[in-house]
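Colleague: Questions regarding the structure given below will be posed in turn.
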Amino acid sequence: MSDRVVDVDVFDPRTFGAGVPHEALRVLRDTAPVSWQPEPAVAVWPAGPGFWAITRYDDVRHVLRTPGDFSSSLGATQIRDPDPADLPFLRRMILNMDPPEQVRLRRIVTGTFTRRRLERFADVVRERAAGLLGAAVARGRCDLPREVTDDLPLQNLADLLGVPAGDRALLLEWTNRVIGYQDPEHAHVVTDAEGRPVNPRSPAQLADMFGYAEELAERKRVEPADDLMTALVQAEVDGQRLTDAELKMFFFLLVIAGNDTVRSALPGGVLALLENPEEHRRLRAEPSLLPSAIEELLRVHPPVLTFRRTAARDVVLRGQRIARGDKVVVYHVSANHDERRFPDPFRVDLAREPNDHVSFGQGPHLCLGAAFARLQMREFFTEFLRLPPPEQDGEPRRLVSNFINGITSLPLRW
C-alpha cells in the first residue's frame, strides 16, 4: 500500500487543533485528490487501517450523492472504526443508514421540521442572542464560546425539543463527551476490562442519554406540546412511525449535531469577520447582505470538517482503485476551498454568488437541521451587527478534532 501513500497528514486531530491545514489540503487537491492516508495511533486511540481522503469539490459531491457506491451504513460515518459489536446499534441512526431505509426514516421526520415550527422561535432566538451579547458588551470583554455561543444554540435546541429548563445542562455534557473525545480539555476516556479505550458513541457510553430520551418521549405521549419531540413521537407516514430505538437515536443526533453545528458556526463566523475587517465593515454598512454573508461564513468555516463513507463495491475514482470495504473520507473544508469551484477561495466575499458550499452535506444526507441552523445564525448576527464591533483579546483555541471545526475559546473586548 506504500505506493498509494502521499506524505501529507490530514488525519491527526491535533493538526486541526492548531488550525485547518489548508496548505496540505491544497497540495492534495492539486496533486493527489484521492489519496491514501495512514491512520496511526493518537494518544490512547489505536491505529486504524487507513482511508482514502477525498479533497476536491466535485469528488466530495460525487461520493456524498452516490450511496450505492459509498455507504454510510457499512462502517458508519466516523473515521475511526467502531467496535463491530456496536455497528447494529449505530445503524439505527439516520446518519448511518443508506437508502431505502434512510429514505423511509427521512420521510417520517421531515414533516416535523416545518417552517412554522422553526420560525416561531425566531423572536426568542434573537432576544436570547441580544441578552447574551449585551451582557458581554456591558462587561467590556468575554470569551465568546464560553459566555455566549456555547449557551445560545443549547438553549434554542432545548426549546425546540421541549427539554425542561432544569435538564438543559445535560445536553452540553453529552455533546462535549461525544464531540470532544479527542480533545484533552473535554476527554474523559473510559477503558474496558482489557484497558482499551471505549468509543464514546458506544451503547454503554450513551446509556444515560438514551434513558433520558425514553423518559422524555413518554412524557410527550402523555403531555403533548408544540415541540419537536412531541412531533417526532406522533409522526406517521403511510402508517409507519419511528420505532423506540429510532426515536432515541434521532434524539441523539439532534442533541449532538443540532447543538454542535451552530456552536461551531457562530464563533467561526465572528472570527472570520474579525480577520477580514473590510468585509466586516461592509456588512455593517449593508445589513441586507446578511443572507449571503451567512453562506460565505459557512463556506469558509464549515462546522463539520469531514465525514466517512465505506466503499460498497470496487470503484475507480480519479484513477485510483478503491476496494470494497475501504474507508473513504470526504473533506468538506477542502471542497469549500477548492479553486476549481470557488474563485479566489481564501478571500472572504460576503456577497459571493453562486455559493453552493457543502457545509451541510449533499445528497440523501443533506442536513435536516440546516434551516434551523441558518435561522439561529441570522438572528445572532442581526444582534451582533447592532453592537459596537469588538476586537480580539487573545488567540482563539480550536477543538482538537478531525471531525468538528470547533472553536473553544475566542477572547473579545469592547
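We label chains A, B, ... in the order they appear in the C-alpha cells, count residues from 1 in each chain, and number ligands from 1 in the order shown.
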Using only C-alpha atoms, find each residue of stretch 35-149 of chain A with at least one atom at most 9 Å away from an atom of stretch 203-208 of chain A; report its shortest atom-to-atom pair and that distance in Å (one decimal), sort the rows by chain and rising residue number, and return the result as a Markdown table.

Modeller:
```
| residue | atom | partner | partner_atom | distance |
| --- | --- | --- | --- | --- |
| A:Asp86 | CA | A:Pro203 | CA | 7.0 |
| A:Phe89 | CA | A:Pro203 | CA | 7.2 |
| A:Leu90 | CA | A:Pro203 | CA | 8.4 |
```

Colleague: Using the selection just defined, write its residues with N, CA, C and O atoms as a CSV table (one decimal), in the first residue's frame.

Modeller:
```
chain,number,residue,atom,x,y,z
A,86,ASP,N,-20.8,-2.8,18.0
A,86,ASP,CA,-21.7,-1.6,18.1
A,86,ASP,C,-22.3,-1.3,16.8
A,86,ASP,O,-23.3,-0.4,16.8
A,89,PHE,N,-26.2,-1.3,16.4
A,89,PHE,CA,-26.8,-0.2,17.2
A,89,PHE,C,-26.6,1.1,16.5
A,89,PHE,O,-27.5,1.9,16.3
A,90,LEU,N,-25.4,1.4,15.9
A,90,LEU,CA,-25.1,2.7,15.2
A,90,LEU,C,-26.0,2.8,14.0
A,90,LEU,O,-26.3,3.9,13.6
```

Colleague: Which polymer residues have any atom within 12 Å of an atom of A:Pro46, counting only C-alpha atoms, with same-chain residues fewer than 4 positions away left out, as an mmCIF file with N, CA, C and O atoms, in the first residue's frame?

Modeller:
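Written out: result06.cif:
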```
data_model
loop_
_atom_site.group_PDB
_atom_site.id
_atom_site.type_symbol
_atom_site.label_atom_id
_atom_site.label_comp_id
_atom_site.auth_asym_id
_atom_site.auth_seq_id
_atom_site.Cartn_x
_atom_site.Cartn_y
_atom_site.Cartn_z
ATOM 1 N N GLU A 39 -3.401 5.877 9.219
ATOM 2 C CA GLU A 39 -4.244 6.185 10.391
ATOM 3 C C GLU A 39 -3.513 5.735 11.653
ATOM 4 O O GLU A 39 -3.868 4.746 12.292
ATOM 5 N N PRO A 40 -2.457 6.440 12.018
ATOM 6 C CA PRO A 40 -1.648 5.999 13.165
ATOM 7 C C PRO A 40 -2.381 6.193 14.488
ATOM 8 O O PRO A 40 -3.401 6.882 14.567
ATOM 9 N N ALA A 41 -1.837 5.563 15.519
ATOM 10 C CA ALA A 41 -2.387 5.750 16.860
ATOM 11 C C ALA A 41 -2.222 7.202 17.283
ATOM 12 O O ALA A 41 -1.226 7.853 16.962
ATOM 13 N N VAL A 42 -3.208 7.711 18.007
ATOM 14 C CA VAL A 42 -3.173 9.069 18.547
ATOM 15 C C VAL A 42 -3.572 9.006 20.010
ATOM 16 O O VAL A 42 -4.685 8.573 20.334
ATOM 17 N N GLY A 50 -6.274 2.883 7.800
ATOM 18 C CA GLY A 50 -6.063 3.908 6.781
ATOM 19 C C GLY A 50 -7.331 4.156 5.981
ATOM 20 O O GLY A 50 -8.326 3.419 6.096
ATOM 21 N N ARG A 80 -12.689 6.825 12.664
ATOM 22 C CA ARG A 80 -12.296 5.653 13.453
ATOM 23 C C ARG A 80 -13.333 4.557 13.308
ATOM 24 O O ARG A 80 -14.539 4.800 13.384
ATOM 25 N N ASP A 81 -12.876 3.330 13.116
ATOM 26 C CA ASP A 81 -13.798 2.205 13.004
ATOM 27 C C ASP A 81 -14.489 1.953 14.333
ATOM 28 O O ASP A 81 -13.837 1.889 15.377
ATOM 29 N N PRO A 82 -15.812 1.786 14.322
ATOM 30 C CA PRO A 82 -16.495 1.399 15.556
ATOM 31 C C PRO A 82 -16.215 -0.059 15.887
ATOM 32 O O PRO A 82 -15.781 -0.844 15.027
ATOM 33 N N GLY A 195 -8.283 -2.720 29.180
ATOM 34 C CA GLY A 195 -7.570 -1.451 29.176
ATOM 35 C C GLY A 195 -7.668 -0.680 27.882
ATOM 36 O O GLY A 195 -6.980 0.324 27.693
ATOM 37 N N ARG A 196 -8.532 -1.096 26.957
ATOM 38 C CA ARG A 196 -8.702 -0.398 25.688
ATOM 39 C C ARG A 196 -9.727 0.723 25.840
ATOM 40 O O ARG A 196 -10.722 0.565 26.562
ATOM 41 N N PRO A 197 -9.506 1.860 25.169
ATOM 42 C CA PRO A 197 -10.478 2.957 25.272
ATOM 43 C C PRO A 197 -11.812 2.574 24.640
ATOM 44 O O PRO A 197 -11.851 1.898 23.606
ATOM 45 N N VAL A 198 -12.905 2.997 25.265
ATOM 46 C CA VAL A 198 -14.248 2.694 24.781
ATOM 47 C C VAL A 198 -14.754 3.878 23.972
ATOM 48 O O VAL A 198 -14.674 5.026 24.413
ATOM 49 N N ASN A 199 -15.258 3.601 22.777
ATOM 50 C CA ASN A 199 -15.795 4.647 21.912
ATOM 51 C C ASN A 199 -16.916 5.394 22.638
ATOM 52 O O ASN A 199 -17.846 4.773 23.159
#
```

Colleague: Per residue of stretch 303-396 of chain A within 12 Å of stretch 18-21 of chain A, what are the shortest atom pair and its distance in Å to one decimal, counting only C-alpha atoms, with rows by chain and residue number, as a tab-separated table?

Modeller:
```
residue	atom	partner	partner_atom	distance
A:Pro303	CA	A:Val20	CA	11.9
A:Val304	CA	A:Val20	CA	11.6
A:Leu305	CA	A:Val20	CA	8.8
A:Thr306	CA	A:Val20	CA	11.6
A:Tyr331	CA	A:Val20	CA	11.1
A:His332	CA	A:Val20	CA	11.5
A:Val333	CA	A:Val20	CA	8.2
A:Ser334	CA	A:Pro21	CA	9.3
A:His337	CA	A:Val20	CA	11.3
A:Glu395	CA	A:Ala18	CA	11.2
A:Pro396	CA	A:Ala18	CA	9.8
```

Colleague: List as a list in words the protein and nucleic acid residues near A:Glu339, meaning an atom at most 10 Å away when only C-alpha atoms are counted, but skip any in the same chain fewer than 6 places from it.

Modeller: Arg26, Arg29, Asp30, Arg56, Tyr57, Pro345 and Phe346 of chain A

Colleague: Write out as JSON lines the residues of stretch 370-394 of chain A that have any atom within 7 Å of an atom of stretch 105-125 of chain A, one row each with the nearest atom pair and its distance in Å to one decimal, counting only C-alpha atoms, sorted by chain and then rising number.

Modeller:
```
{"residue": "A:Phe372", "atom": "CA", "partner": "A:Leu118", "partner_atom": "CA", "distance": 6.3}
{"residue": "A:Leu375", "atom": "CA", "partner": "A:Ala122", "partner_atom": "CA", "distance": 6.9}
{"residue": "A:Gln376", "atom": "CA", "partner": "A:Val125", "partner_atom": "CA", "distance": 6.5}
{"residue": "A:Glu379", "atom": "CA", "partner": "A:Val125", "partner_atom": "CA", "distance": 6.4}
```

Colleague: Just to be explicit: take each residue in the selection above, keep N, CA, C and O atoms, and write the result as a compact mmCIF listing (two decimals), in the first residue's frame.

Modeller:
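The result, written out as result_8.txt:
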```
# COMPACT_ATOMS: atom_id res chain seq x y z
N PHE A 372 -32.84 25.41 10.62
CA PHE A 372 -32.80 25.93 11.98
C PHE A 372 -31.42 26.52 12.29
O PHE A 372 -31.30 27.52 12.99
N LEU A 375 -31.37 29.91 10.66
CA LEU A 375 -32.20 30.84 11.43
C LEU A 375 -31.42 31.36 12.63
O LEU A 375 -31.43 32.58 12.92
N GLN A 376 -30.76 30.49 13.36
CA GLN A 376 -30.00 30.92 14.53
C GLN A 376 -28.85 31.84 14.15
O GLN A 376 -28.58 32.83 14.84
N GLU A 379 -30.36 35.35 13.32
CA GLU A 379 -30.76 36.14 14.48
C GLU A 379 -29.55 36.57 15.31
O GLU A 379 -29.49 37.68 15.82
```

Colleague: Which of these, A:Pro67, A:Pro302, A:Pro33, A:Gly162, has the shortest distance to A:Arg263 once you count only C-alpha atoms?

Modeller: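 The answer is A:Pro302, which sits nearest to A:Arg263.
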
Colleague: Determine, counting only C-alpha atoms, which protein, DNA and RNA residues have an atom within 12 Å of an atom of A:Leu132; residues of the same chain fewer than 6 positions away are not included. Present the result as a count of residues only.

Modeller: 21

Colleague: Can you tell me which residues surround A:Val358 at a distance of at most 8 Å, considering only C-alpha atoms, apart from same-chain residues fewer than 6 positions away, and format the answer as a list in words?

Modeller: Arg61, Arg299, His332, Ala335 and Asn336 of chain A
